[in-house]
Amino acid sequence: MWRNRNVWIILLGEFVVGLGLWAGIIGNLAFMQEVVPSDFHKSLIISCGILAGLVVGPMAGRIIDQSKKKTVVQMASIGRIVSVLFMFIALYTNSVVWMILFLITLQIAAAFYMPALQSIIPMIAKEQDLITLNAWQMNARTISRIIGTAAAGFMLSFFDLKWLYIISFIVYIVMFVITSLLQLDETTNETVTNKEKGNFKEVLPMVKEHPMVLMTLVLMLIPTLFLGSFNLVIMKISEMHQSTTISGLLYTVEGIGFMLGAAGLKIIADRVQMGTLLFTLAFIIGSMELLLLLADIKLFALVAFGVFGFTVGCFFPTTMVIFQKQVPKQFHGRFFSFRNMIDSVVFQVVLLSTGMMLDLIGLSGMGLVFGIISLSLTTTFLLYSKKKKVVMHAL
């Protein structure tokens with residue numbers, strides 16, 4: 001696998017785009033702090049971009065399935081470059097409207113880029129290498145997040161805000177050049193898509209026909225409960241301990257755990273059947289959500305985040321392999337667009353629910369609710385899969 005140039009292009013592209021993305025996110029927060037006084041208005045502005053990504057999701061899925069994946073990735077890269085131009089205008093005019101255009105364009109580009117990239121991975125890797133490539137793709141994304149946020153924060157201390165977007169602009173141009181080097185055989189894909197021009201509505205019947213895909217989609221709700229509440233929970237723990245140091249420790253422990261999990265997944269997957277692995281990871285994540293009941297003790301808070309990071313580092317690449325293997329290739333673009341849309345909606349719902357629960361029942365109550373939901377979902381689908389023998393037949 002490591003001798004395949006396409007693999008290196010995908011990983012390098014993922015790392016590079018992550019640097020640009022996180023530089024832009026830190027820049028957005030800094031810009032909004034200057035021009036948008038209301039936190040509610042800030043959340044509405046961010047939601048505009050997410051909503052745009054949701055709206056174009058079905059169209060993006062159809063286009064990805066009907067077009068060459070490399071072309072879609074390159075056009076999405078051009079979209080990111082154009083989006084930064086809007087942000088330059090926003091900085092020059094001090095206008096929130098241009099920033100909203102920047103966010104909308106960026107999210108539309110992402111709505112095409114991510115599903116296309118996820119469709120390319122099974123085209124360039126052998127089936128036995130899928131889990132390794134997906135894990136390293138996640139690691140590349142995590143490393144770029146760590147470096148991108150640290151570098152952006154450092155730059156803001158010494159340079160004007162515009163330099164963050166100049167870096168993003170350069171990075172997105174580099175990404176376009178990198179993705180142009182991809183060498184994909186898409187002739188087979190062309191004949192399939194020309195034969196049946198897929199409708200986005202066909203995704204739901206396809207999911208129902210593949211019970212393992214349906215179960216995995218639902219089980220993905222479990223880590224999203226933790227991830228959607230991630231920043232708010234860390235701020236709450238920091239308040240509980242009256243320490244800003246612990247927030248940095250929690251981010252660090254989770255990040256290191258994630259990278260270790262993704263790096264060691266291949267070794268685990270060689271020894272554990274994939275269906276068993278998926279349910280075991282879901283149980284562990286639910287248990288870590290319950291462990292938030294003891295977050296007032298520093299050690300347990302650190303253990304919860306560290307184990308969660310390791311488990312999620314294993315969980316997400318495992319789910320990606322299940323999707324890439326079980327979903328028919330002619331549905332990959334539409335399905336991954338559908339999955340991204342679900343992620344966006346669930347993430348927003350969890351974020352709002354977390355804020356409400358932290359106010360009403362506190363961190364311990366929220367951890368109890370999320371833990372019970374996660375363990376109940378996992379137990380229900382485990383019993384269902386045993387009864388129907390879904391895992392045995394699907395994997």
# chains A, B, ... in the order shown; residues from 1 in each chain; ligands from 1
call {"tool": "residues_around", "arguments": {"residues": "A:Thr224", "least_positions_apart": "3", "cutoff": "10 Å", "atoms": "only C-alpha atoms", "output": "ChimeraX atom specification"}}
result
/A:219-221,227-230,312,343,346-347,350-351
call {"tool": "residues_around", "arguments": {"residues": "stretch 132-140 of chain A", "least_positions_apart": "6", "cutoff": "7 Å", "atoms": "only C-alpha atoms", "output": "list in words"}}
result
Leu11, Glu14, Phe15, Met259, Ala262, Ala263, Lys266, Pro317 and Met320 of chain A
call {"tool": "closest_residue", "arguments": {"among": "A:Val321, A:Val96, A:Ile131, A:Leu217", "to": "A:Pro37", "atoms": "only C-alpha atoms"}}
result
A:Val96
call {"tool": "select_by_dssp", "arguments": {"residues": "stretch 243-305 of chain A", "states": "alpha helix (DSSP H)", "output": "NGL selection string"}}
result
:A and (245-269 or 274-291 or 298-305)
call {"tool": "closest_residue", "arguments": {"among": "A:Phe154, A:Phe112, A:Trp22, A:Phe226", "to": "A:Thr354", "atoms": "only C-alpha atoms"}}
result
A:Phe226
call {"tool": "residues_around", "arguments": {"residues": "stretch 241-243 of chain A", "least_positions_apart": "4", "cutoff": "12 Å", "atoms": "only C-alpha atoms", "output": "compact mmCIF listing (two decimals) with N, CA, C and O atoms, in the first residue's frame"}}
result
# COMPACT_ATOMS: atom_id res chain seq x y z
N ILE A 234 -15.52 20.21 28.11
CA ILE A 234 -14.19 20.60 28.57
C ILE A 234 -14.24 21.92 29.33
O ILE A 234 -13.60 22.09 30.39
N MET A 235 -15.03 22.87 28.82
CA MET A 235 -15.16 24.14 29.53
C MET A 235 -15.80 23.94 30.91
O MET A 235 -15.41 24.56 31.89
N LYS A 236 -16.78 23.03 30.98
CA LYS A 236 -17.46 22.75 32.25
C LYS A 236 -16.50 22.12 33.25
O LYS A 236 -16.48 22.48 34.43
N ILE A 237 -15.69 21.16 32.78
CA ILE A 237 -14.72 20.50 33.66
C ILE A 237 -13.68 21.52 34.15
O ILE A 237 -13.28 21.51 35.32
N SER A 247 -8.00 21.91 30.85
CA SER A 247 -8.62 21.91 29.52
C SER A 247 -7.58 21.54 28.46
O SER A 247 -7.85 20.73 27.56
N GLY A 248 -6.38 22.12 28.57
CA GLY A 248 -5.30 21.77 27.65
C GLY A 248 -4.91 20.31 27.76
O GLY A 248 -4.66 19.63 26.76
N LEU A 249 -4.87 19.79 28.99
CA LEU A 249 -4.53 18.38 29.22
C LEU A 249 -5.58 17.46 28.59
O LEU A 249 -5.23 16.44 27.99
N LEU A 250 -6.85 17.81 28.72
CA LEU A 250 -7.92 16.98 28.16
C LEU A 250 -7.83 16.93 26.64
O LEU A 250 -7.97 15.85 26.04
N ALA A 295 -16.35 13.22 36.75
CA ALA A 295 -15.44 14.21 36.15
C ALA A 295 -14.92 15.22 37.16
O ALA A 295 -13.97 15.95 36.87
N ASP A 296 -15.53 15.25 38.36
CA ASP A 296 -15.03 16.16 39.38
C ASP A 296 -13.70 15.67 39.97
O ASP A 296 -13.03 16.40 40.70
N ILE A 297 -13.32 14.42 39.62
CA ILE A 297 -12.01 13.88 39.99
C ILE A 297 -11.13 13.94 38.75
O ILE A 297 -11.46 13.35 37.72
N LYS A 298 -10.04 14.69 38.79
CA LYS A 298 -9.21 14.93 37.62
C LYS A 298 -8.79 13.66 36.90
O LYS A 298 -8.84 13.58 35.67
N LEU A 299 -8.36 12.66 37.67
CA LEU A 299 -7.88 11.41 37.07
C LEU A 299 -8.94 10.76 36.20
O LEU A 299 -8.67 10.34 35.07
N ALA A 301 -11.53 12.21 34.81
CA ALA A 301 -11.79 13.06 33.64
C ALA A 301 -10.75 12.79 32.55
O ALA A 301 -11.10 12.63 31.36
call {"tool": "atom_distance", "arguments": {"atom1": "atom CA of A:Gly257", "atom2": "atom CA of A:Leu290"}}
result
18.4 Å
call {"tool": "atom_distance", "arguments": {"atom1": "atom CA of A:Leu161", "atom2": "atom CA of A:Thr245"}}
result
26.2 Å
call {"tool": "closest_residue", "arguments": {"among": "A:Thr105, A:Gln128, A:Thr149, A:Ser157", "to": "A:Leu85", "atoms": "only C-alpha atoms"}}
result
A:Thr105
call {"tool": "closest_residue", "arguments": {"among": "A:Met288, A:Val345, A:Ile45, A:Val73", "to": "A:Ser119", "atoms": "only C-alpha atoms"}}
result
A:Val73
call {"tool": "atom_distance", "arguments": {"atom1": "atom CA of A:Ser144", "atom2": "atom CA of A:Trp163"}}
result
18.0 Å
call {"tool": "residues_around", "arguments": {"residues": "stretch 99-101 of chain A", "least_positions_apart": "2", "cutoff": "12 Å", "atoms": "only C-alpha atoms", "output": "number ranges by chain"}}
result
A: 24-25, 27-29, 31-32, 35-36, 41-52, 79-80, 82-97, 103-108, 165
call {"tool": "closest_residue", "arguments": {"among": "A:Gln330, A:Asn6, A:Ser287, A:Asn340", "to": "A:Ile64", "atoms": "only C-alpha atoms"}}
result
A:Gln330
call {"tool": "residues_around", "arguments": {"residues": "A:Thr380", "least_positions_apart": "5", "cutoff": "12 Å", "atoms": "only C-alpha atoms", "output": "list of chain:residue names"}}
result
A:Met215, A:Val218, A:Leu219, A:Phe279, A:Ala282, A:Phe283, A:Ile372, A:Ile373, A:Ser374, A:Leu375, A:Ser385, A:Lys386, A:Lys387
call {"tool": "write_last_selection", "arguments": {"atoms": "C-alpha atoms", "output": "PDB file, in the first residue's frame"}}
result
ATOM      1  CA  MET A 215     -26.783  -0.438  12.162  1.00  0.00           C
ATOM      2  CA  VAL A 218     -27.154   4.431  13.997  1.00  0.00           C
ATOM      3  CA  LEU A 219     -24.140   3.383  16.104  1.00  0.00           C
ATOM      4  CA  PHE A 279     -19.896  -3.258  19.146  1.00  0.00           C
ATOM      5  CA  ALA A 282     -19.483   1.340  21.033  1.00  0.00           C
ATOM      6  CA  PHE A 283     -19.782  -0.179  24.530  1.00  0.00           C
ATOM      7  CA  ILE A 372     -27.709   5.312  28.965  1.00  0.00           C
ATOM      8  CA  ILE A 373     -28.666   6.257  25.382  1.00  0.00           C
ATOM      9  CA  SER A 374     -25.354   4.891  24.017  1.00  0.00           C
ATOM     10  CA  LEU A 375     -25.383   1.615  25.966  1.00  0.00           C
ATOM     11  CA  SER A 385     -27.626  -8.607  14.953  1.00  0.00           C
ATOM     12  CA  LYS A 386     -27.375 -11.866  16.912  1.00  0.00           C
ATOM     13  CA  LYS A 387     -30.994 -12.679  16.177  1.00  0.00           C
TER      14      LYS A 387
END
call {"tool": "closest_residue", "arguments": {"among": "A:Leu164, A:Gly333, A:Ile9, A:Leu363", "to": "A:Met59", "atoms": "only C-alpha atoms"}}
result
A:Gly333
